[in-house]
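Participant: Before I ask anything, let me first share the structure, which is written out below as C-alpha cells.
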Amino acid sequence: MKVTPSDVTLGATVTEVSLAALSDDQWQRIEEAFHQYAVLIFPKADLTEDEHIAFSRRFGPLERTLSKRTARQEISLLSNVAKDGSIAKPDDALGLFLKGNRYWHTDSSFKKVAAKASLLRALEVPDTGGDTEWADMRAAWDALDEVTQARLEGLVAVHSYAYSQSKVGGIALLTEKERDALPPVRHPLVRTHPATGRKSLYVGRHASHIIGMDEEEGRALLAKLTEDACQPPRIFRHRWHAGDIVAWDNRCVLHRGHPWPFGPPRVMRRTTVAGDGENLWAIGKLEA
Ligand code: OGA
Ligand code: MN
C-alpha cells in the first residue's frame with residue numbers, strides 16, 4: 001500500500017491496496033493516514049455497493065440517509081438522474097437540492113450529532129466540471145492569530161437545514177414531517193479532534209448564526225471565517241474518474257462540489273459515518 005501526500009495541508013492518495021480485501025494492518029495505516037491528511041483519495045477502487053458499505057463501516061457505524069430516493073438506508077444518492085431517468089434541471093427540486101452542495105459545508109452539521117466521515121464513490125462523471133474540493137479547517141484554525149482564536153473559542157453556532165436550504169430553494173425534496181425531524185441544532189465553533197487533539201474551525205453553509213450575537217453580525221462572522229479559511233494552501237481539489245472513492249473527515253474539513261455543464265449524468269453514491277455519542281441517525285447503534 002502506498003500513501004502519497006498532496007502538496008497542500010490536507011489530502012493524500014492511497015494506491016496499491018484492495019479495499020475489498022483489506023487486512024487489519026492495512027486498515028490501521030489507512031486510519032492513521034485519515035487522521036493525518038483528513039481526505040483520502042482511492043483512485044479507481046472500483047468497489048461494489050456492498051464493498052463500499054463494508055469499507056465505510058471500518059470507520060464506524062453508518063448514518064441513515066435523509067433521502068427516500070435510495071433503496072438502502074446506508075446510501076445517499078448524489079445524482080442528477082431522477083428516478084424516471086430524466087436529468088435534473090438547474091431549477092427543479094433535485095437540481096436546487098444538488099446546487100446546495102456547491103457551497104462549502106460539512107455533512108450533517110444540521111443534525112444534533114454531526115457526521116464523522118463521508119465516503120463518496122463515483123459511478124458516472126461528466127467529461128468536464130463536477131470536481132469536488134475540500135478545505136482544511138485545522139490549518140485554518142492554526143492560521144488565525146491568538147487574539148482571534150481567543151475571541152472564537154467558546155462560541156456556539158446554530159446549524160439549520162431549513163436555513164441552508166432556504167438559501168438555494170432545495171427544501172422541497174423533504175416532506176413537512178422530515179423537516180420537523182431536523183430542528184436547528186448547536187455546535188461549538190471550535191472543535192478538538194478526538195484522535196489528533198488538533199483544533200479546527202467548524203463552520204459551513206448549514207451554520208446560520210451565533211448564540212449570543214446579533215443574527216446578522218454572527219452570520220457575517222461565519223461568512224468571513226469561511227472565506228478566509230478556504231484559501232490556498234488549505235484547499236485540495238479532485239477531478240473524478242468512475243470507480244474513484246474518496247473518504248473525508250467531516251469533523252475537520254469543509255467540502256464543496258463544482259458545477260458541470262447541464263446535460264450529462266453525474267452519478268455518485270455516498271455513505272456517511274455517524275458521529276460519536278447518542279446518535280438517533282446511526283444505524284443499529286442505539287438498538288445494539
Ligand atoms: C457530498 C457532497 C459534492 C459533490 O457528497 O456530500 O457534498 O461534488 N458532494 O458531489
Ligand atoms: Mn456534502
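Residues are named by chain letter and number: chains run A, B, ... in the order of the C-alpha cells, numbers start at 1 in each chain, and ligands are numbered from 1 in the order shown.
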With a distance cut-off of 6 Å and only C-alpha atoms, select the neighbouring residues of range 254-271 of chain A, excluding the residue or stretch itself and same-chain residues fewer than 2 positions from it, and output the selection as a ChimeraX atom specification.
Facilitator: /A:74-80,101-106,118-126,129-135
Participant: Based on the backbone DSSP call, show me all residues of range 97-280 of chain A assigned helix (DSSP H, G or I), as a ChimeraX atom specification.
Facilitator: /A:97-102,137-142,146-152,161-168,171-173,176-180,215-229
Participant: How about saving the chosen residues, C-alpha atoms kept, as a PDB file, in the first residue's frame?
Facilitator:
```
ATOM      1  CA  PHE A  97     -31.003  20.415  -3.844  1.00  0.00           C
ATOM      2  CA  LEU A  98     -27.782  19.450  -5.651  1.00  0.00           C
ATOM      3  CA  LYS A  99     -26.879  23.106  -6.124  1.00  0.00           C
ATOM      4  CA  GLY A 100     -26.666  23.433  -2.356  1.00  0.00           C
ATOM      5  CA  ASN A 101     -23.583  21.202  -2.400  1.00  0.00           C
ATOM      6  CA  ARG A 102     -21.702  23.895  -4.291  1.00  0.00           C
ATOM      7  CA  MET A 137     -10.203  23.670   8.952  1.00  0.00           C
ATOM      8  CA  ARG A 138      -7.284  22.576  11.175  1.00  0.00           C
ATOM      9  CA  ALA A 139      -4.829  24.621   9.141  1.00  0.00           C
ATOM     10  CA  ALA A 140      -7.407  27.438   9.026  1.00  0.00           C
ATOM     11  CA  TRP A 141      -7.512  27.490  12.816  1.00  0.00           C
ATOM     12  CA  ASP A 142      -3.729  27.382  13.054  1.00  0.00           C
ATOM     13  CA  GLU A 146      -4.052  34.309  19.067  1.00  0.00           C
ATOM     14  CA  VAL A 147      -6.381  37.220  19.735  1.00  0.00           C
ATOM     15  CA  THR A 148      -8.866  35.960  17.152  1.00  0.00           C
ATOM     16  CA  GLN A 149      -8.556  32.405  18.429  1.00  0.00           C
ATOM     17  CA  ALA A 150      -9.321  33.563  21.963  1.00  0.00           C
ATOM     18  CA  ARG A 151     -12.341  35.516  20.711  1.00  0.00           C
ATOM     19  CA  LEU A 152     -13.743  32.477  18.863  1.00  0.00           C
ATOM     20  CA  TYR A 161     -31.206  22.543   7.429  1.00  0.00           C
ATOM     21  CA  ALA A 162     -34.165  24.864   6.873  1.00  0.00           C
ATOM     22  CA  TYR A 163     -31.763  27.816   6.851  1.00  0.00           C
ATOM     23  CA  SER A 164     -29.244  26.331   4.402  1.00  0.00           C
ATOM     24  CA  GLN A 165     -31.932  25.063   2.051  1.00  0.00           C
ATOM     25  CA  SER A 166     -33.744  28.406   2.190  1.00  0.00           C
ATOM     26  CA  LYS A 167     -30.701  29.953   0.505  1.00  0.00           C
ATOM     27  CA  VAL A 168     -30.880  27.617  -2.502  1.00  0.00           C
ATOM     28  CA  ILE A 171     -36.211  22.244   0.801  1.00  0.00           C
ATOM     29  CA  ALA A 172     -38.959  20.886  -1.497  1.00  0.00           C
ATOM     30  CA  LEU A 173     -37.311  17.483  -1.581  1.00  0.00           C
ATOM     31  CA  GLU A 176     -43.021  18.532   6.342  1.00  0.00           C
ATOM     32  CA  LYS A 177     -42.561  15.617   8.734  1.00  0.00           C
ATOM     33  CA  GLU A 178     -38.954  15.159   7.650  1.00  0.00           C
ATOM     34  CA  ARG A 179     -38.295  18.863   8.079  1.00  0.00           C
ATOM     35  CA  ASP A 180     -39.811  18.736  11.554  1.00  0.00           C
ATOM     36  CA  GLU A 215     -28.004  37.421  13.996  1.00  0.00           C
ATOM     37  CA  GLU A 216     -26.606  39.426  11.067  1.00  0.00           C
ATOM     38  CA  GLU A 217     -23.340  40.051  12.859  1.00  0.00           C
ATOM     39  CA  GLY A 218     -22.936  36.321  13.585  1.00  0.00           C
ATOM     40  CA  ARG A 219     -23.808  35.435  10.019  1.00  0.00           C
ATOM     41  CA  ALA A 220     -21.252  37.910   8.690  1.00  0.00           C
ATOM     42  CA  LEU A 221     -18.603  36.480  11.024  1.00  0.00           C
ATOM     43  CA  LEU A 222     -19.355  32.932   9.815  1.00  0.00           C
ATOM     44  CA  ALA A 223     -19.124  34.050   6.194  1.00  0.00           C
ATOM     45  CA  LYS A 224     -15.820  35.856   6.773  1.00  0.00           C
ATOM     46  CA  LEU A 225     -14.285  32.930   8.675  1.00  0.00           C
ATOM     47  CA  THR A 226     -15.276  30.534   5.897  1.00  0.00           C
ATOM     48  CA  GLU A 227     -13.996  32.830   3.159  1.00  0.00           C
ATOM     49  CA  ASP A 228     -10.634  33.298   4.864  1.00  0.00           C
ATOM     50  CA  ALA A 229     -10.339  29.624   5.785  1.00  0.00           C
TER      51      ALA A 229
END
```
Participant: Among the residues of range 70-171 of chain A, find those DSSP assigns to strand (DSSP E or B) from the backbone and print them as a PDB file with C-alpha atoms, in the first residue's frame.
Facilitator:
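result-v6.pdb, freshly written:
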```pdb
ATOM      1  CA  SER A  76     -27.195   8.702  -0.186  1.00  0.00           C
ATOM      2  CA  LEU A  77     -27.645   9.333  -3.890  1.00  0.00           C
ATOM      3  CA  LEU A  78     -25.756  12.370  -5.139  1.00  0.00           C
ATOM      4  CA  SER A  79     -27.074  12.026  -8.642  1.00  0.00           C
ATOM      5  CA  VAL A  81     -30.545  11.444 -12.712  1.00  0.00           C
ATOM      6  CA  ILE A  87     -31.711  14.676 -15.877  1.00  0.00           C
ATOM      7  CA  HIS A 105     -20.198  22.653   4.062  1.00  0.00           C
ATOM      8  CA  ALA A 117     -16.857  10.952   7.868  1.00  0.00           C
ATOM      9  CA  SER A 118     -18.230  10.600   4.359  1.00  0.00           C
ATOM     10  CA  LEU A 119     -17.180   8.197   1.617  1.00  0.00           C
ATOM     11  CA  LEU A 120     -18.180   9.280  -1.867  1.00  0.00           C
ATOM     12  CA  ARG A 121     -17.966   6.898  -4.836  1.00  0.00           C
ATOM     13  CA  ALA A 122     -18.146   7.964  -8.480  1.00  0.00           C
ATOM     14  CA  LEU A 123     -20.211   5.794 -10.811  1.00  0.00           C
ATOM     15  CA  GLU A 124     -20.578   8.146 -13.753  1.00  0.00           C
ATOM     16  CA  THR A 132     -15.009  18.177  -5.583  1.00  0.00           C
ATOM     17  CA  GLU A 133     -12.902  20.362  -3.323  1.00  0.00           C
ATOM     18  CA  TRP A 134     -12.022  20.152   0.373  1.00  0.00           C
ATOM     19  CA  ALA A 135     -10.706  22.794   2.774  1.00  0.00           C
ATOM     20  CA  ASP A 136      -8.598  22.140   5.872  1.00  0.00           C
ATOM     21  CA  VAL A 156     -21.549  28.247  19.654  1.00  0.00           C
ATOM     22  CA  ALA A 157     -23.171  28.301  16.218  1.00  0.00           C
ATOM     23  CA  VAL A 158     -26.717  27.304  15.281  1.00  0.00           C
ATOM     24  CA  HIS A 159     -26.830  24.949  12.288  1.00  0.00           C
TER      25      HIS A 159
END
```
Participant: For ligand 2, which residue out of A:Trp248, A:Trp240, A:Phe59, A:Phe42 is the nearest one, using only C-alpha atoms and all ligand atoms?
Facilitator: A:Trp248
Participant: Extract, using only C-alpha atoms, all DNA, RNA and protein residues at most 8 Å from range 190-194 of chain A, discarding same-chain residues fewer than 2 positions from it, and format them as a PyMOL selection string.
Facilitator: chain A and resi 152-155+188+196-202+251-252
Participant: Could you tell me how far atom 1 (C, counted along the ligand's line) of ligand 1 lies from CA of Ser23 in chain A, in Å and to one decimal?
Facilitator: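 Those two atoms sit 27.4 Å apart.
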Participant: For each of A:Ala195, A:Leu280, A:Ser109, A:Thr128, take the minimum atom-to-atom distance to ligand 2, counting only C-alpha atoms and all ligand atoms, then give the residue where this is smallest.
Facilitator: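 The answer is A:Ser109, which sits nearest to ligand 2.
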